[in-house]
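Participant: Structure below; questions to follow.
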Amino acid sequence: MAADTQPPLLQVQNLSITLPTRRGPARALRALDFSLARGETLGLIGESGSGKSLTALALMGLLPEGAQLEGSIRLNGQELLGRPDADWCRLRGNRMAMIFQEPMTALNPVHTIGRQVAEPLRLHRGLSARQARAEAVALLERVGIARAAERLDAYPHQFSGGQRQRITIAMALACGPDLLIADEPTTALDVTLQKQVLELIGELVAERGMALLLISHDLAVIAGAVQRTLVMYGGTVVEQGPTRALFSALAHPYTQGLFAARPHLGAGRVPGLRLPTIAGTVPELADLPPGCPFAGRCPRTIAECNAALPAAVPVGEGHTARCIRLGDA
Amino acid sequence: QSAGKDAVTLGMTLEPPGLDPTAGAASSIAEVTLYNIYETLTKINSDGSVSPLLAEGWEVSPDLKTYTFRLRRGVKFHNGEPFNAEAVKFSFDRAGGDKSTNKDKRTFANLTTQVVDEHTVVLLNKEIDPDLLFLLGQATAIIVEPKSAETNAAKPNGTGPYKLGAWSRGASVSLVAWAEWRDASKIRIRRATFRFIPDPAAQVAALLAGDVDAFARVTPRSMAQFKGNPRFQVLISGSRAKTILAINNARKPLDDVRVRRAIAAAIDRKAVIQGAADGLGVPIGSHYVPGALGYVDTTDLNPHDPEKARRLLAEAGVKTPLELTLTLPPAPYARQGGEVIAAQLAKVGITAKLQNVEWAQWLSGTYGNKNYDLTIISHVEPFDLGNFAKPDYYWGYKSEKFDKLYDEIKNAARPADRARLLGDAQRLLAEDSVHAFLYQPQWVTVANKNLRGLWKDMPIFINDLSALSWTTP
Amino acid sequence: MALFLLKRLAALAATLLAASIVVFLVLEILPGNAAQVLLGPDAAPEAVAELARKLGLDQSAWQRYWHWIAGLLTGDMGLSHAYGTPVGELIAERLLLTVPLALLAMVLAACIALAAGVYAASRHNRLGDVGVMALAQLGIAIPNFWFAILLILLFSVQLQWFSAGGFPGWTQASGGGFWPALQALLLPAISLAVVQGAILARITRSAVLDVLREDFVRTARAKGLSRRAALWRHVLRNAMIPVVTVMGLQFANLLAGTIVVENVFYLPGLGRLIFQSIANRDLVVVRNCVMLLAAMVVLVNFVVDLLYAAIDPRVQVAGP
Amino acid sequence: MRDLHHHYRLPRRRLLGPRPLLPVLHGVSLEIAAGRSLGVVGESGSGKSTLARLVMALETPASGSVQLLGRDLHRLPPAQLRSARRDFQMVFQDPYGSLDPRQSVERIVTEPLRALARPTRAELRERAAEVLAQVGLRAGDAGKYPHEFSGGQRQRIAIARALITRPRLIVADEPVSALDVSVQAQVLNLLAELQERHGVTYLLISHDLAVVSHLCDEVLVLQGGRVVERGAPRELFARPQHPYTQTLVAAVPRLVV
Amino acid sequence: MRALRHRSLVLGALLTLALLAAALLSFVWTPWPPYEMDMASTLQPPGRAHWLGTDAYGRDVASLLLVGARATIAVGVIAVGIGLAVGTLLGLVAAARRGWVEELIMRVADFTFAFPALLLAIMLTAVYGPGMVNAIIAIGIFYIPTFARVTRASAQAVWAREYVLAARASGKGAARITLEHVLPNIASVLIVQATIQFALAVLAEAALSYLGLGTQPPQPSWGRMLAEAQTLMFQAPLLAVWPGVAIALAVLGLNLLGDGLRDALDPRLARQR
Ligand SMILES: Nc1ncnc2c1ncn2[C@@H]1O[C@H](COP(=O)(O)OP(=O)(O)OP(=O)(O)O)[C@@H](O)[C@H]1O
Ligand SMILES: Nc1ncnc2c1ncn2[C@@H]1O[C@H](COP(=O)(O)OP(=O)(O)OP(=O)(O)O)[C@@H](O)[C@H]1O
Ligand SMILES: [Mg+2]
Ligand SMILES: [Mg+2]
């Protein structure tokens, strides 16, 4: 980190989240560190419950009530944690925006889509209703809603899933944010639609020079869409690095297991062939061991694994993994 | 504050169903209309005496069968039609005619009305009725105007000092003074509003809140809080009503006089009066009230004695506990008295199953079909000993002795004879223990202390508005 | 939309027809008749019989039912046995009280409920929420007639601000006027509204909380709307959907509640009329009143369905 | 299975008009040889689940027939259909929704048996233990309730339920789509193993082409209720013929390593 | 917050138990004989002898309250029982047999809804005479559509679950599925609904008794005590307070219990609400 260069767009340092649960407070996120420059794209993968969405919500300042945050989140060098909600409101939808997983429920069913797309424009840019409408038409057309002007007064239920996801994208892009966070934007969609939406996001990011944080549990989606990748497991980033480097040299046992467990398209059925699996299941938040979260399921577990969270060990150019047994396989 | 005040608001428990007393028997009709809108030949006074009203005077033949009335002159109906002998004849013929729905139809059917001249009528009675003059002062005997008679229920037309102002159904009826009445200048109250408040608590609240100026026959329970209050006057008046625990004499084992006596002996009238009427009543031992002609005190004939009651039951061979139904009409005295009586009967081995019924059910089930064992009811008709002589009356009482006695009473022209005979009749009923006679109720009127002219006693239920006035303090 | 309306109207008519039969049959079983009640126990039996004939009580049940329905269809409800006046007029007079009373209560309840419910939801699990909800629990638990009595004690008897009951009428001519009439309805409406308002407040709160958890609220927040702005712009209208349903269902209870409250405040409303007419066996009136109440309930729910469509664009033409 | 047509009736549009039909399947025909597995892929709403329900005789086709071991399922009288169900069972997509949360694992697993006959308790226990062992669960799990299991384990329970009648055909509607990759592999392995050991036939429905190609001998591509292409997975995905299949295959994100 | 929820359950359960205990206790012991009138000591203020004073007949108010709990419970249990039994059955049938059966059941339910309970009760008591049994039946009938609707809605949700599809695939008929899967899964909803309806029944009984249509003397009932006390409101206001408080506490307890149960039985809600 050179001090003379301009600060990165987003810098997250040692971020931890504690959530109140029925079984007491749970460390849902531990020691998260990453930074994101303008125009950079970053992927976040991991199994369900690994903390991907929490990370995204933390960045947006939208964590559920009672969540406790430690560490630091800086946007353009400015610390965001501890700011009053009004400050966050000025940033949300304006400098940073988010696309959610479920296009079916992310839109308010009783408001027209025109109104919903125009809302951030009116809020942050102070546009008049008419100006905002015109702008909304342009946005909707850009995301590929045909004859947008005519459909401005339609309600969400009159659109298909793919179209709705496009509308949420238009909404997120309305004010031209610096940072776009997309939390599993395609999970609810068909493969064909998924491809279209991913391509659309890719185009828009490139076109407007935004930074992108793309969240997915699908390795293939991440592999094709982002420059850098973080692999999460049990609330920690177990491995991170440039996407290409990471996928070509999977370092952490979890990443390796995950990768191996995928069936391959076109391989065809081979009798007797089994997929390599990871034994066990994802641990529950409240029961997370103090050490490596993957300890129990990992074939290489030794006693030390349970002692403390392993430090991030560099394995390549900008590629690190949190494992104390990287060397021995 | 009340000086020069010429409006009054009176509370009433029930709303009259219509304003025609010849088409309905509800006492509320009379309470609003009698002597106010309609007038009768005679007027009943607070003490029960009878004085002239539309008739200036009358003669009665010695055999009590012919009555000659001299009518007041220059009287007009509200609609301008004159009051005359024709109107009287029309009214009485109508009341006794085929199409009549007058509750006293039988009385009028016995009468023949003859027009002597414009201002004289003669009534011929088929039977002797010593109370006829009183009867002619009641609401069923109002003089109506022939052309408007059928519409009286909604558009009453009479000769009285007041006309109907407005009737907002369910809430109130207001009467306004009629400027052309013969003595209009004597009227102090120009506008009177009757408000209908059935709920006892609401009655109290309305009085306390000053919503009504006077309330006749409020529920006795609420009296205590007005007694000490300087804003109010409380009038306690006697009545001609008899509250009884009626016994179905036709049913076993109640047809046994010993069982009936046992029931009577089981009852402590004092406690009943306390429970049913908050102490506002005078115990009676027979179907007759103190103050009426020929009254004798029969309350000691079969006094409260549970021990004796149990003995009588045993004598009669009744297995205890004896289960009886006690049917209670909706009036508070019945419902409250019922609880007390049931508790008292329980002590001598009679289980009284309380059965609360609506008025309509009481009329059809108890009164009409005689389907009951015991019931509590107040008979308000002033002179109704005759009911004991009716063979098909709901009491099921049959006594040749009484029938004969009653015949003699009817035919006794001299008051002294009648008084003696009436005493005998009272004793007979008491001895036969036809019912458990409970008490003569007293009515409570609570009124603003500045209101004058309220009736002290209530032989009949009316509100004589022309007598009311506000005092100047 | 037309189809939706037509379908609903057909169901409505069928319901009312069924109601008319049930009402008529139930009332047929009632012992006692109006003539006897009107003339009382001391009346001559001939007079009672004559009155019964005049009132048409001697006709067969079928004839009377037919007359009634035929009359209803031509807008003629017949004459009241007791009052002798057209039932239509009688009911119309009462409606002038009951409908404003019910509406006033509903409006009050809705205002209380919305304010309290939204406030509680916005302070979810904090002191304000717990306090308001505790009050709501209390409001639901208190019998409305008891509350009415307490109101009378305080405001009429102690403070003498309001009269203890009664209704002066809406016109000057009847001794009232708009303001006196409204004043007379205020206490009754409050005692009705408290329970309904408490129930609605709870519904509102949980509806608002439900909607607050919806994804689109998070979307709205992600757009930069403050908590409060998201609540007003995005949550309320969605939360109204269940609230309106419950309001519709509550309406029947509200009408029933008026029967009790009209008794406490001796208001000449529809409830009292029914009560009184049953006692008097004035069945012509009872029939029509009960039908009217049923029709009102059905109609209100119909209106609720329409409101639904207005609030929620998803239920337009298709309908249920 | 021959020439299946099916449609759903929609609510009436007009008061007295007919209820409009929504055609879903247009003459789908397929057959599976015993011990083989057939995969069905297609976009959302193409009628995959409908097909599964028809095969399971949960719905009656508008026309066409489903024959299992020579019997036309939809023409069997109810009692016979019930006993025929022994031969075909189903595994559902949602491992959370397909298990009654209020029943113990043993009850869940033995449900098909109890529906068919009145077995004794001991019998049930024994058979339950047997199938649980087959899917890699412990016999001690029989008394537990679904919420005590992870998604993958639940799907095993669902498979155990399908296995308990020793069926010839198992219809699996998206059996792994709700699972995480690491767990998905476990279930896929289990399915493969069971087939190899017991010779079960699968009708596997999935929108994940990779899953189908991993497990099936033959793949059928459904679009708008029509079979547009079928063949062995290797050839089909390597050289899709039908344009729809081509877009489908092209849309699958690849992991290029 | 959890603790708070918990508290409402505990408080509700305690109040409800107190109600039950009062009713049971009244069978074996009351401070005074509840039906015994004593015209010499009417309207006594609360004191040593009579803890809550005496009524207009000199009866001990505390004793009457204890015995009155019986009527309250009887009305609640039986009315809810009627509504629960019939309504649930109808709801289950409606959910299981879609189509015209469902339509018919739901139309009838809607129809019954058009008559408020009180109106129904007034008509019924007019026909068969006032009394607790008729009041109970009237309230119970009114509950039928409520339970039918709740049951149908939750049962439909269960029918839409995949485990029901699995049961169908196993060859189970609608009746067995209803018994084995639907009913157990909606039981908690029904329990909660039942406690809430119970509370409403207590209020309805009070209102009916207040109007003179419910429990009949001498059987004490809180609603009637309130009606009687109302007349004496200005002389002995406390007389109107006790039964009012008793009703409010009973209803409060049942509602809290219902709320608490709803949360306890539905972990999803417990976390969120
Ligand atoms: N409001 C909350 N209260 C308590 N725990 C929560 C809350 N929200 C999330 N969690 C827990 O935090 C953990 C991480 O959740 P998160 O939503 O970030 O996972 P994810 O990686 O996005 O998973 P998915 O792929 O399923 O979306 C999970 O174990 C989840 O159960
Ligand atoms: N019960 C039903 N009534 C009416 N239409 C239905 C019904 N069930 C399914 N459909 C419709 O039938 C079509 C096919 O549905 P089906 O569930 O078979 O699709 P699918 O291929 O399984 O889709 P998915 O991949 O989303 O599960 C869809 O258009 C659906 O909307
Ligand atoms: Mg997530
Ligand atoms: Mg499907």
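Convention: chains lettered A, B, ... in structure tokens order; per-chain residue numbering from 1; ligands numbered from 1 as shown.
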Based on the backbone DSSP call, show me all residues of segment 220-455 of chain B assigned helix (DSSP H, G or I), as an NGL selection string.
Facilitator: :B and (220-222 or 224-227 or 257-266 or 269-277 or 306-315 or 332-347 or 359-368 or 385-389 or 400-411 or 415-432)
Participant: Tell me as number ranges by chain which residues belonging to chain D come within 10 Å of chain E, counting only C-alpha atoms.
Facilitator: D: 53, 56-58, 78-79, 81-86, 88-103, 108, 110-116, 158, 161-162, 165
Participant: Find the residues of chain A in contact range of chain E, meaning any atom within 12 Å when counting only C-alpha atoms, and list them as a list in words.
Facilitator: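 Going by the stated atoms only, the list reads Pro20, Thr21, Arg22, Arg23, Gly24, Pro64, Glu65 and Gly66 of chain A.
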Participant: Export C-alpha atoms of the chosen residues as a JSON list (two decimals), in the first residue's frame?
Facilitator:
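Result went into result.json, see below:
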[["chain", "number", "residue", "atom", "x", "y", "z"],
["A", 20, "PRO", "CA", -27.51, -11.53, 18.35],
["A", 21, "THR", "CA", -29.00, -15.01, 17.98],
["A", 22, "ARG", "CA", -31.11, -17.20, 20.15],
["A", 23, "ARG", "CA", -28.03, -18.97, 21.35],
["A", 24, "GLY", "CA", -26.18, -15.83, 22.22],
["A", 64, "PRO", "CA", -30.17, -5.95, 10.85],
["A", 65, "GLU", "CA", -30.86, -4.23, 14.14],
["A", 66, "GLY", "CA", -28.64, -5.35, 16.95]]
Participant: Residues within 7 Å of ligand 3 (only C-alpha atoms and all ligand atoms), as an NGL selection string?
Facilitator: :A and (48-49 or 52-53 or 183)
Participant: I need the chosen residues saved as a tab-separated table (two decimals), in the first residue's frame, with N, CA and C atoms.
Facilitator:
chain	number	residue	atom	x	y	z
A	48	SER	N	-23.81	-21.27	1.14
A	48	SER	CA	-24.91	-20.60	1.79
A	48	SER	C	-24.60	-20.42	3.28
A	49	GLY	N	-24.84	-19.24	3.77
A	49	GLY	CA	-24.62	-18.98	5.18
A	49	GLY	C	-23.18	-18.62	5.51
A	52	LYS	N	-21.80	-13.92	2.95
A	52	LYS	CA	-21.67	-13.06	1.78
A	52	LYS	C	-22.65	-11.89	1.85
A	53	SER	N	-23.89	-12.22	2.10
A	53	SER	CA	-24.89	-11.15	2.13
A	53	SER	C	-24.63	-10.19	3.28
A	183	ASP	N	-25.82	-8.77	-5.09
A	183	ASP	CA	-25.88	-9.96	-4.23
A	183	ASP	C	-26.66	-11.05	-4.93
Participant: So, counting only C-alpha atoms and all ligand atoms, which residue among A:Gly161, A:Phe294, A:Leu10, A:Pro242 is closest to ligand 2?
Facilitator: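 For ligand 2, the nearest of the candidates is A:Gly161.
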Participant: Could you list, as a ChimeraX atom specification, all protein and nucleic acid residues with an atom at most 6 Å from ligand 2, counting only C-alpha atoms and all ligand atoms?
Facilitator: /D:8,24,43-50
Participant: Could you list, as an NGL selection string, all protein and nucleic acid residues with an atom at most 8 Å from ligand 1, counting only C-alpha atoms and all ligand atoms?
Facilitator: :A and (19-21 or 26 or 28-29 or 45-56 or 63-65 or 67 or 183-184 or 216-217 or 232 or 234-235 or 284-285)
Participant: Please provide the set of residues having any atom within 8 Å of Leu275 of chain A, restricted to only C-alpha atoms, with same-chain residues fewer than 6 positions apart removed, written as a list in words.
Facilitator: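 Contacts, with the query itself left out: Ala260, Ala261, Arg262 and Pro263 of chain A; Ala185, Gln186, Leu188 and Asn189 of chain D.
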Participant: Write a file of the selected residues as a PDB file, in the first residue's frame, keeping all heavy atoms.
Facilitator:
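Written file, out.pdb:
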ATOM      1  N   ALA A 260     -13.801 -29.282  -6.806  1.00  0.00           N
ATOM      2  CA  ALA A 260     -13.830 -30.672  -7.253  1.00  0.00           C
ATOM      3  C   ALA A 260     -15.241 -31.244  -7.228  1.00  0.00           C
ATOM      4  O   ALA A 260     -15.570 -32.138  -8.007  1.00  0.00           O
ATOM      5  CB  ALA A 260     -12.922 -31.503  -6.354  1.00  0.00           C
ATOM      6  N   ALA A 261     -16.053 -30.724  -6.333  1.00  0.00           N
ATOM      7  CA  ALA A 261     -17.365 -31.323  -6.148  1.00  0.00           C
ATOM      8  C   ALA A 261     -18.336 -30.996  -7.276  1.00  0.00           C
ATOM      9  O   ALA A 261     -19.422 -31.560  -7.341  1.00  0.00           O
ATOM     10  CB  ALA A 261     -17.949 -30.859  -4.809  1.00  0.00           C
ATOM     11  N   ARG A 262     -17.968 -30.081  -8.131  1.00  0.00           N
ATOM     12  CA  ARG A 262     -18.904 -29.711  -9.197  1.00  0.00           C
ATOM     13  C   ARG A 262     -18.974 -30.771 -10.283  1.00  0.00           C
ATOM     14  O   ARG A 262     -17.942 -31.222 -10.778  1.00  0.00           O
ATOM     15  CB  ARG A 262     -18.429 -28.408  -9.861  1.00  0.00           C
ATOM     16  CG  ARG A 262     -18.668 -27.176  -9.041  1.00  0.00           C
ATOM     17  CD  ARG A 262     -18.246 -25.973  -9.835  1.00  0.00           C
ATOM     18  NE  ARG A 262     -19.181 -25.608 -10.876  1.00  0.00           N
ATOM     19  CZ  ARG A 262     -18.988 -25.779 -12.169  1.00  0.00           C
ATOM     20  NH1 ARG A 262     -17.887 -26.334 -12.598  1.00  0.00           N
ATOM     21  NH2 ARG A 262     -19.875 -25.390 -13.031  1.00  0.00           N
ATOM     22  N   PRO A 263     -20.158 -31.163 -10.663  1.00  0.00           N
ATOM     23  CA  PRO A 263     -20.249 -32.047 -11.830  1.00  0.00           C
ATOM     24  C   PRO A 263     -19.918 -31.244 -13.080  1.00  0.00           C
ATOM     25  O   PRO A 263     -20.134 -30.035 -13.114  1.00  0.00           O
ATOM     26  CB  PRO A 263     -21.711 -32.489 -11.827  1.00  0.00           C
ATOM     27  CG  PRO A 263     -22.440 -31.421 -11.097  1.00  0.00           C
ATOM     28  CD  PRO A 263     -21.471 -30.829 -10.117  1.00  0.00           C
TER      29      PRO A 263
ATOM     30  N   ALA D 185     -22.845 -32.692  -4.301  1.00  0.00           N
ATOM     31  CA  ALA D 185     -21.998 -33.795  -4.738  1.00  0.00           C
ATOM     32  C   ALA D 185     -22.300 -35.056  -3.936  1.00  0.00           C
ATOM     33  O   ALA D 185     -22.360 -36.153  -4.495  1.00  0.00           O
ATOM     34  CB  ALA D 185     -20.529 -33.405  -4.582  1.00  0.00           C
ATOM     35  N   GLN D 186     -22.504 -34.887  -2.651  1.00  0.00           N
ATOM     36  CA  GLN D 186     -22.802 -36.058  -1.825  1.00  0.00           C
ATOM     37  C   GLN D 186     -24.074 -36.741  -2.301  1.00  0.00           C
ATOM     38  O   GLN D 186     -24.132 -37.969  -2.434  1.00  0.00           O
ATOM     39  CB  GLN D 186     -22.989 -35.645  -0.360  1.00  0.00           C
ATOM     40  CG  GLN D 186     -21.734 -35.079   0.282  1.00  0.00           C
ATOM     41  CD  GLN D 186     -22.036 -34.454   1.636  1.00  0.00           C
ATOM     42  OE1 GLN D 186     -23.159 -34.481   2.107  1.00  0.00           O
ATOM     43  NE2 GLN D 186     -21.000 -33.885   2.250  1.00  0.00           N
ATOM     44  N   LEU D 188     -25.562 -36.500  -5.259  1.00  0.00           N
ATOM     45  CA  LEU D 188     -25.395 -37.072  -6.596  1.00  0.00           C
ATOM     46  C   LEU D 188     -24.672 -38.413  -6.506  1.00  0.00           C
ATOM     47  O   LEU D 188     -25.050 -39.384  -7.169  1.00  0.00           O
ATOM     48  CB  LEU D 188     -24.607 -36.102  -7.485  1.00  0.00           C
ATOM     49  CG  LEU D 188     -25.389 -34.865  -7.936  1.00  0.00           C
ATOM     50  CD1 LEU D 188     -24.503 -33.963  -8.787  1.00  0.00           C
ATOM     51  CD2 LEU D 188     -26.636 -35.263  -8.710  1.00  0.00           C
ATOM     52  N   ASN D 189     -23.667 -38.469  -5.675  1.00  0.00           N
ATOM     53  CA  ASN D 189     -22.942 -39.730  -5.504  1.00  0.00           C
ATOM     54  C   ASN D 189     -23.863 -40.816  -4.980  1.00  0.00           C
ATOM     55  O   ASN D 189     -23.820 -41.953  -5.435  1.00  0.00           O
ATOM     56  CB  ASN D 189     -21.778 -39.539  -4.532  1.00  0.00           C
ATOM     57  CG  ASN D 189     -20.638 -38.784  -5.181  1.00  0.00           C
ATOM     58  OD1 ASN D 189     -20.653 -38.573  -6.402  1.00  0.00           O
ATOM     59  ND2 ASN D 189     -19.678 -38.365  -4.382  1.00  0.00           N
TER      60      ASN D 189
END
Participant: For Val189 of chain E, please output as an MDAnalysis selection string all residues within 9 Å (counting only C-alpha atoms; exclusion window: fewer than 2 positions along the same chain).
Facilitator: chainID E and resid 150:151 154 185:187 191:194 262 265:266
Participant: Keeping N, CA and C atoms, export the residues of the selection given above as a short mmCIF file (atom, residue, chain, number, x, y, z; two decimals), in the first residue's frame.
Facilitator:
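Saved to result-v6.cif:
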data_model
loop_
_atom_site.label_atom_id
_atom_site.label_comp_id
_atom_site.auth_asym_id
_atom_site.auth_seq_id
_atom_site.Cartn_x
_atom_site.Cartn_y
_atom_site.Cartn_z
N VAL E 150 -59.85 -19.81 9.09
CA VAL E 150 -58.46 -19.95 9.54
C VAL E 150 -57.95 -21.33 9.15
N THR E 151 -58.78 -22.34 9.41
CA THR E 151 -58.35 -23.70 9.11
C THR E 151 -58.08 -23.86 7.62
N SER E 154 -54.80 -22.09 6.57
CA SER E 154 -53.57 -22.78 6.95
C SER E 154 -53.49 -24.16 6.32
N ASN E 185 -49.97 -30.12 11.56
CA ASN E 185 -49.23 -28.93 11.19
C ASN E 185 -49.99 -27.63 11.37
N ILE E 186 -51.32 -27.74 11.46
CA ILE E 186 -52.05 -26.49 11.71
C ILE E 186 -52.50 -26.42 13.16
N ALA E 187 -52.16 -27.43 13.92
CA ALA E 187 -52.63 -27.47 15.30
C ALA E 187 -52.25 -26.21 16.06
N ILE E 191 -54.67 -23.74 18.01
CA ILE E 191 -54.57 -23.50 19.46
C ILE E 191 -54.56 -22.00 19.73
N VAL E 192 -53.75 -21.31 18.96
CA VAL E 192 -53.65 -19.87 19.14
C VAL E 192 -55.01 -19.22 18.88
N GLN E 193 -55.61 -19.62 17.77
CA GLN E 193 -56.91 -19.06 17.42
C GLN E 193 -57.92 -19.35 18.52
N ALA E 194 -57.83 -20.56 19.06
CA ALA E 194 -58.79 -20.95 20.09
C ALA E 194 -58.66 -20.07 21.33
N ARG E 262 -48.46 -18.20 20.17
CA ARG E 262 -48.20 -17.98 18.75
C ARG E 262 -46.69 -17.87 18.52
N LEU E 265 -44.90 -21.25 19.49
CA LEU E 265 -45.13 -22.36 18.58
C LEU E 265 -44.60 -22.07 17.19
N ASP E 266 -44.35 -20.81 16.89
CA ASP E 266 -43.86 -20.48 15.57
C ASP E 266 -42.50 -19.81 15.70
#
